[in-house]
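Asker: First, the structure itself, so that you have it in front of you.
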Amino acid sequence: MVHFLIHEAADNVGVAVVDLPAGMDCDGRNLTDNTALKARTEEAIPLGHKIALKDFAVGDSVTKYGCEIGRIVQPVKAGHHVHIHNLKTKRWA
């Protein structure tokens with residue numbers, strides 16, 4: 001079963017395609033070339049929300065769909081939920 005997707009190889013967050021509980025080993029898929037990916041959730045990630053695929057420091061860029069969508073405003077570890085509490089999107093910058 002696929003739990004999250006990325007759309008481009010440069011993406012550093014995945015999109016949950018199901019609700020992901022904390023502590024789950026997840027299978028992902030890169031939609032560009034259909035390669036398999038792995039991640040582990042460190043907190044619950046709701047359907048449609050972003051999972052960090054790497055550690056982020058304040059000021060780091062978040063890439064989704066191959067495009068920079070915003071900057072991290074609080075440190076985020078791999079496997080954590082990336083959302084409005086730790087990401088300022090370019091739309092609101």
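In the structure tokens, chains take letters A, B, ... by order of appearance, with residues numbered from 1 within each chain and ligands from 1 in the order shown.
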DSSP says strand (DSSP E or B) for which residues of chain A? Put them as a ChimeraX atom specification?
Answerer: /A:4-6,13-16,20,25-30,36-40,45,50-52,56,61-64,67-72,76,81-82,87-89
Asker: Keeping C-alpha atoms, export the residues of the selection given above as a PDB file, in the first residue's frame.
Answerer:
```pdb
ATOM      1  CA  PHE A   4       2.505   9.102   0.664  1.00  0.00           C
ATOM      2  CA  LEU A   5       3.470  10.556  -2.712  1.00  0.00           C
ATOM      3  CA  ILE A   6       6.002  12.974  -4.114  1.00  0.00           C
ATOM      4  CA  VAL A  13       8.041  16.648   1.673  1.00  0.00           C
ATOM      5  CA  GLY A  14       5.568  13.943   0.779  1.00  0.00           C
ATOM      6  CA  VAL A  15       1.776  14.167   0.648  1.00  0.00           C
ATOM      7  CA  ALA A  16      -0.112  11.668   2.809  1.00  0.00           C
ATOM      8  CA  LEU A  20      -0.829   8.288   9.000  1.00  0.00           C
ATOM      9  CA  ASP A  25       6.813   2.801   8.699  1.00  0.00           C
ATOM     10  CA  CYS A  26       5.406   4.194   5.458  1.00  0.00           C
ATOM     11  CA  ASP A  27       5.794   3.330   1.819  1.00  0.00           C
ATOM     12  CA  GLY A  28       5.862   6.160  -0.680  1.00  0.00           C
ATOM     13  CA  ARG A  29       6.043   6.587  -4.403  1.00  0.00           C
ATOM     14  CA  ASN A  30       7.729   9.142  -6.688  1.00  0.00           C
ATOM     15  CA  ALA A  36       9.622   3.430  -4.117  1.00  0.00           C
ATOM     16  CA  LEU A  37      10.316   5.585  -1.055  1.00  0.00           C
ATOM     17  CA  LYS A  38      10.370   4.904   2.684  1.00  0.00           C
ATOM     18  CA  ALA A  39       9.640   7.148   5.664  1.00  0.00           C
ATOM     19  CA  ARG A  40       8.677   6.765   9.307  1.00  0.00           C
ATOM     20  CA  ILE A  45      -0.039  13.166   9.628  1.00  0.00           C
ATOM     21  CA  LYS A  50       2.790  17.020   4.294  1.00  0.00           C
ATOM     22  CA  ILE A  51       5.352  14.705   5.912  1.00  0.00           C
ATOM     23  CA  ALA A  52       8.942  15.934   6.222  1.00  0.00           C
ATOM     24  CA  PHE A  56      14.686  21.130   8.264  1.00  0.00           C
ATOM     25  CA  SER A  61      13.033  25.870   1.675  1.00  0.00           C
ATOM     26  CA  VAL A  62      10.234  23.339   1.326  1.00  0.00           C
ATOM     27  CA  THR A  63       9.808  21.837  -2.134  1.00  0.00           C
ATOM     28  CA  LYS A  64       6.554  20.208  -3.258  1.00  0.00           C
ATOM     29  CA  CYS A  67       8.493  24.005  -6.693  1.00  0.00           C
ATOM     30  CA  GLU A  68       9.564  25.922  -3.619  1.00  0.00           C
ATOM     31  CA  ILE A  69       6.334  26.468  -1.673  1.00  0.00           C
ATOM     32  CA  GLY A  70       7.697  28.239   1.405  1.00  0.00           C
ATOM     33  CA  ARG A  71      10.194  28.438   4.245  1.00  0.00           C
ATOM     34  CA  ILE A  72      10.424  26.653   7.578  1.00  0.00           C
ATOM     35  CA  VAL A  76      11.209  20.151  11.760  1.00  0.00           C
ATOM     36  CA  HIS A  81       3.972  17.077  10.112  1.00  0.00           C
ATOM     37  CA  VAL A  82       4.770  20.114   7.937  1.00  0.00           C
ATOM     38  CA  LEU A  87       5.896  26.573   7.451  1.00  0.00           C
ATOM     39  CA  LYS A  88       5.279  30.034   6.030  1.00  0.00           C
ATOM     40  CA  THR A  89       4.121  29.596   2.461  1.00  0.00           C
TER      41      THR A  89
END
```
Asker: Could you list, as a PyMOL selection string, every residue within 8 Å of Lys77 in chain A, counting only C-alpha atoms and ignoring same-chain residues fewer than 2 positions away?
Answerer: chain A and resi 52+54-56+75+79-80
Asker: Given only C-alpha atoms as the basis, pick out the residue of A:His7, A:Gln74, A:Ala57, A:His85 nearest to Leu31 in chain A.
Answerer: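 Looking at the shortest contact to Leu31 in chain A, the residue is A:His7.
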Asker: Identify which of the residues A:Ala78, A:Ala10, A:Val58, A:Val73 lies closest to Thr41 in chain A, counting only C-alpha atoms when measuring atom-to-atom distances.
Answerer: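 For Thr41 in chain A, the nearest of the given residues is A:Ala78.
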Asker: Using only C-alpha atoms, can you tell me which of A:Leu47, A:Arg91, A:Val2, A:Glu42 comes closest to Val18 in chain A?
Answerer: A:Leu47
Asker: Could you state the separation of CA of Asp11 in chain A and CA of Asn34 in chain A in Å, given to one decimal place?
Answerer: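 Here the two named atoms are 14.0 Å from each other.
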